[in-house]
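Participant: Next up is a structure, given as structure tokens.
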Amino acid sequence: MIKRIDNAYVTLFAVAVVLCLLPLVLSKAGLVLATEFCVVLAIALAWNLLAGFSGIVLIGMPLFIGAGGYTLYLVANALGIPPYPAILAGAAVPAVIAYALSPLLFRLEGAQLAIGSWVMAEVARLLCLITPAVGAGGGLNLEVLRLVPRSLRLPLNFAFAAIVLFITLSAIVILLKSRFGLGLRAMRDSDAAAEAMGVKTSRVKLLTLITATALSGAAGACYYITSIQITPSSAFSQNWIAITIFIVILGGIGSVEGPIFGAIVYYLLRETLSDLGPGYFVISGLLAITVTIFLPEGVWGLIKRLIRIDLLPIAHHEARRVHGTQPTITDKKGKLA
Amino acid sequence: MLSVRDVEAGYGSMSVLFGVSLGIAEGETLSLIGSNGAGKSTLFSVITGLLAPASGEIELDGASLTRKSTSAIVDHGIVMVPEGRKLFPSLTVEENLLLGAYRKRPGDWTIGRVLDTFPILKELRRRPSQALSGGQQQLVAVGRALMANPKVLLCDELSLGLSPSAVDMVYGGLEKIRGADVSIILVEQDIARALNESDHFACMRHGRIVLEGSSATANRNQISDAYFGGSHD
Amino acid sequence: MIELLLNGLFVGALYSLFGLGLAVTFGLMQQINLAHGDMIVLSAYLAWLATQALGINPLFSLPFVALLMFAFGYALQRVVLNRTIGRGPMPTLLVTFGLSIVLQNMMQIGFSADTRSLQPGSIGSAALPLGSFSIGVMPLFFFLFACLAFACTWLVFAKTSFGRAVRATSDDHRTARLMGIETGHIFSLALAISLSVSAIAAIFLGMRSTFAPAAGPERMLFAFEAVILGGLGSIWGTFFGGLALGLAQAIGLAIAPTFGPLAGHLVFLAVLLFRPAGMFARRNGL
């Protein structure tokens, strides 16, 4: 009997192979783009883990991305080491901040959570603006980058961004395939029902939040290595969440494949239309609105309906037999019976 | 007055009603009985315009209501008391009643007359609607529908979830409005109660009307057979 | 000291006005509008266009701007936002976020990224002497006008058949339809009114300070803070929420010039932590 290998691990392996091959085939400019792609996709996957799988719509995500970036700068500059090991600190500090804020975050839901977390990111920006220790309005420069030979910077930047992306993808697949993921999906349908089934919703939520914020912090740290300097207004910018939401909606919220396809479409659009300047953003915004209304499962949902394939099946085997397909976003407060 | 002819309807590809015909005269009360899933609520959805029928006709006093919007149907005088009362929680008792008169259909029903008919509500009119007991809420729901000056009142499961004394209170209230100015279609699980409160009855099963007759002379065994489908010992 | 507090109240009245439109869409309709700030900025640009074209005081552009925003709000709800009803809060949030990006960039295309302001004319510098200090006529006028706007909006939503219909629709869509309410139309009117009253906020904003295409999100945060501080579902709560925000900022500014906006946000987060329902949350009536 041939043991059937899970599609998910095949896909993860394929992603790893592609990421390893990219530096060999890409030009310098291509590699810069690929680095940014890895960062943005990792953030989108992490945000989708929160919003799409556990219903935590964290508009204030830039708080954790910026915190990851600032941490990397402060730690690497203070220790006088090459920046790359400091990515670990860039993951740890946002996770600790998330843990500290979780009592407040979890008291809120819906719009309160969206706006409350947005205000937290704004508070972080304002605090950095007036704190001389983090450079205030002028921000910080990554001085320790001079320890890295110029020729190695691009490949190393890409390598670490790729590693962060791969860890993000694996962590999410493993998390969702575990017993834990089942609880997460039960929770998305109804907190009360999940509690009744014995799911400790507060623990599930906390672990999801910490995972997602650590991963986005690491991704943010990678991004700000490439940018050489960091300022409060860029680190905690709402642009981060705009790009993230665009990618997740376009690809399909609540599936792991969705953000991957969304990120690809996003970069294709950006590279072809960005000459339009603000017009490009208008087109993107209109596209996001149209997809939300008419194609709630996104581009990936459409593809899946057409060719019936699961690249990253995350449902439990028993659950898959029952559900057949992945559940779509279910509203907790739907008003129509 | 109200006539439903050969209505077929369903949700998506699932058919629920198969050629239902029903008529009710002015001032008459008709009880619609049948087990869960027989199609009673779907029939109400079709009559109120929430669900468009696949085929069939609905007329009130000769005017066709088929596929009219719910608001137009309310304008014609068909108003429903929904299952589970469904008072609006952010409105007070009085505001709930006033909302019933939203379409401003001409007629005799005013807040004063509703409160005179259900005196127990007089002291509660400024209360939040959710602060009332189930029976009181049900009276508000009936009063809210009366504020629209209905020709036909559709009552969906008035007794659902209420204590026996509350059910008595609600039907005591309904007793007062039965008669000349309004026809009533009653969906009720308690068959004895339903027959007691109506002039005629119709029994539904699997989306069809399987038995009709006068409530006063109804044969219990016949109804049992119609209700459960098959002979009954 | 009194001057400081008065100034806080005057700024707060502007925040209350930012929040007034949201008190309707978010507080009563339970619909999230992340493009609220951008719609205020759009109104400010419309007022700017009107004053440029007609050479009138910005205050007199209000009917024109309010009417255009009424039409925009009605169409937006009818054509776009009503399609997201019944699918939970997320689709509305995503659609309005997309709309925010669209509006910001369209304004940048149409009006460039420069900051603009509305010239208040002679009223801008007039002051009333009050003993040892004086207060500006314009802020005082804004404050009184804000009170009037709140009173009118409260009357419409608390006391009219239309207001009851809006609240009933947001409670229970299906039952509202059974009462003969044309729910799609009612919600569209509600957003239309929300955006027309926001036009007042826009004109005051333009006369008091400056605006630019990207200025929307910050106004939107203040607006949401006013609504949530005041408590969902309470229109007067939003008024006091906005005043509290203005006072917190004024006191913050007095402590350190860089501390102003931060103090407002911190007060907001503290209220969220200790009283998430807001200061004046009410479930029933208005």
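Labels used: A, B, ... for chains in the order of the structure tokens, numbers from 1 for residues in each chain, and numbers from 1 for ligands as shown.
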Might you pull out every residue within 9 Å of stretch 220-230 of chain C, with only C-alpha atoms counted and same-chain residues fewer than 4 positions away left off, and present them as JSON, numbers by chain?
Facilitator: {"A": [112, 115, 116, 118, 119], "C": [12, 15, 16, 17, 18, 19, 20, 21, 22, 23, 26, 27, 33, 34, 35, 36, 37, 38, 40, 216, 234, 235, 236, 237, 238, 239, 240, 241, 242, 243, 244, 245, 264, 265, 268, 271, 272, 275, 276, 277, 278, 279, 280, 281]}
Participant: Using only C-alpha atoms, which residues sit within 12 Å of A:Leu21 once same-chain residues fewer than 3 positions away are excluded, as an MDAnalysis selection string?
Facilitator: chainID A and resid 14:18 24:26 31 34 155 158:159 162
Participant: Among stretch 87-309 of chain A, which residues carry a DSSP assignment of helix (DSSP H, G or I), reported as a PyMOL selection string?
Facilitator: chain A and resi 87-105+110-130+132-134+136-138+143-147+150-177+179-189+191-196+201-227+232-235+239-251+257-276+278-294+298-307
Participant: With 10 Å as the cut-off and only C-alpha atoms counted, what is the closest atom pair between each nearby residue of chain B and chain C? Distances in Å to one decimal, ordered by chain and number, as a Markdown table.
Facilitator:
| residue | atom | partner | partner_atom | distance |
| --- | --- | --- | --- | --- |
| B:Ser45 | CA | C:Leu178 | CA | 9.5 |
| B:Thr48 | CA | C:Leu178 | CA | 7.2 |
| B:Gly49 | CA | C:Leu178 | CA | 8.7 |
| B:Leu50 | CA | C:Leu178 | CA | 7.9 |
| B:Ser69 | CA | C:Gly180 | CA | 8.8 |
| B:Thr70 | CA | C:Gly180 | CA | 6.0 |
| B:Ser71 | CA | C:Gly180 | CA | 3.8 |
| B:Ala72 | CA | C:Gly180 | CA | 7.3 |
| B:Ile73 | CA | C:Gly180 | CA | 7.8 |
| B:Val74 | CA | C:Gly180 | CA | 5.5 |
| B:Asp75 | CA | C:Gly180 | CA | 7.5 |
| B:Ile78 | CA | C:Leu178 | CA | 9.6 |
| B:Val79 | CA | C:Leu178 | CA | 7.1 |
| B:Met80 | CA | C:Leu178 | CA | 6.7 |
| B:Val81 | CA | C:Leu178 | CA | 8.5 |
| B:Pro82 | CA | C:Thr175 | CA | 7.3 |
| B:Glu83 | CA | C:Thr175 | CA | 9.9 |
| B:Arg85 | CA | C:Thr175 | CA | 9.5 |
| B:Lys86 | CA | C:Thr175 | CA | 6.8 |
| B:Leu87 | CA | C:Thr175 | CA | 8.4 |
| B:Phe88 | CA | C:Ala168 | CA | 5.7 |
| B:Pro89 | CA | C:Asp171 | CA | 6.8 |
| B:Ser90 | CA | C:Asn284 | CA | 4.5 |
| B:Leu91 | CA | C:Gly285 | CA | 5.4 |
| B:Thr92 | CA | C:Gly285 | CA | 6.1 |
| B:Val93 | CA | C:Gly285 | CA | 9.9 |
| B:Glu95 | CA | C:Arg164 | CA | 7.1 |
| B:Asn96 | CA | C:Arg164 | CA | 8.3 |
| B:Leu98 | CA | C:Ser161 | CA | 7.7 |
| B:Leu99 | CA | C:Arg164 | CA | 6.7 |
| B:Gly100 | CA | C:Met179 | CA | 5.8 |
| B:Ala101 | CA | C:Met179 | CA | 8.1 |
| B:Tyr102 | CA | C:Ser161 | CA | 6.7 |
| B:Arg103 | CA | C:Gly180 | CA | 6.3 |
| B:Lys104 | CA | C:Gly180 | CA | 10.0 |
| B:Arg126 | CA | C:Gly285 | CA | 9.3 |
| B:Arg127 | CA | C:Asn284 | CA | 8.6 |
| B:Pro128 | CA | C:Asn284 | CA | 5.8 |
| B:Ser129 | CA | C:Asn284 | CA | 8.3 |
| B:Gln130 | CA | C:Asn284 | CA | 9.2 |
| B:Arg144 | CA | C:Met179 | CA | 8.6 |
| B:Ala145 | CA | C:Met179 | CA | 7.6 |
| B:Met147 | CA | C:Met179 | CA | 10.0 |
| B:Ala148 | CA | C:Met179 | CA | 8.1 |
Participant: Please, could you write that set of residues out with C-alpha atoms as an mmCIF file, in the first residue's frame?
Facilitator:
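Wrote result_13.cif, looks like this:
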data_model
loop_
_atom_site.group_PDB
_atom_site.id
_atom_site.type_symbol
_atom_site.label_atom_id
_atom_site.label_comp_id
_atom_site.auth_asym_id
_atom_site.auth_seq_id
_atom_site.Cartn_x
_atom_site.Cartn_y
_atom_site.Cartn_z
ATOM 1 C CA SER B 45 -43.083 34.177 3.894
ATOM 2 C CA THR B 48 -45.834 38.591 3.175
ATOM 3 C CA GLY B 49 -43.583 38.929 0.143
ATOM 4 C CA LEU B 50 -40.357 37.904 1.902
ATOM 5 C CA SER B 69 -42.661 43.932 -2.134
ATOM 6 C CA THR B 70 -43.294 43.367 1.568
ATOM 7 C CA SER B 71 -43.951 47.074 2.096
ATOM 8 C CA ALA B 72 -46.577 47.098 -0.683
ATOM 9 C CA ILE B 73 -48.225 44.045 0.874
ATOM 10 C CA VAL B 74 -48.339 45.795 4.256
ATOM 11 C CA ASP B 75 -49.941 48.736 2.421
ATOM 12 C CA ILE B 78 -51.556 42.009 5.343
ATOM 13 C CA VAL B 79 -49.421 42.166 8.467
ATOM 14 C CA MET B 80 -47.553 39.453 10.306
ATOM 15 C CA VAL B 81 -46.798 38.811 13.971
ATOM 16 C CA PRO B 82 -43.503 36.957 13.528
ATOM 17 C CA GLU B 83 -42.564 33.775 15.294
ATOM 18 C CA ARG B 85 -42.262 37.963 18.895
ATOM 19 C CA LYS B 86 -39.210 39.778 17.507
ATOM 20 C CA LEU B 87 -39.673 43.069 19.298
ATOM 21 C CA PHE B 88 -36.969 45.599 18.454
ATOM 22 C CA PRO B 89 -34.633 45.656 21.465
ATOM 23 C CA SER B 90 -33.396 49.220 20.980
ATOM 24 C CA LEU B 91 -36.959 50.553 20.952
ATOM 25 C CA THR B 92 -39.276 51.042 23.910
ATOM 26 C CA VAL B 93 -42.694 49.381 24.071
ATOM 27 C CA GLU B 95 -41.805 52.920 19.981
ATOM 28 C CA ASN B 96 -42.352 49.310 18.956
ATOM 29 C CA LEU B 98 -45.522 53.208 16.769
ATOM 30 C CA LEU B 99 -43.312 51.338 14.351
ATOM 31 C CA GLY B 100 -46.261 49.122 13.471
ATOM 32 C CA ALA B 101 -47.954 52.228 12.090
ATOM 33 C CA TYR B 102 -44.932 52.988 9.915
ATOM 34 C CA ARG B 103 -46.854 52.744 6.626
ATOM 35 C CA LYS B 104 -49.644 54.986 8.000
ATOM 36 C CA ARG B 126 -42.058 53.568 28.408
ATOM 37 C CA ARG B 127 -40.157 50.407 29.298
ATOM 38 C CA PRO B 128 -37.442 48.863 27.157
ATOM 39 C CA SER B 129 -39.155 46.102 25.189
ATOM 40 C CA GLN B 130 -36.742 43.447 26.466
ATOM 41 C CA ARG B 144 -47.578 46.411 16.859
ATOM 42 C CA ALA B 145 -49.191 44.511 13.979
ATOM 43 C CA MET B 147 -51.188 49.490 14.590
ATOM 44 C CA ALA B 148 -50.882 48.845 10.839
#
Participant: Please report the interatomic distance between atom CA of B:Val114 and atom CA of B:Leu146 in Å with one decimal.
Facilitator: 7.6 Å
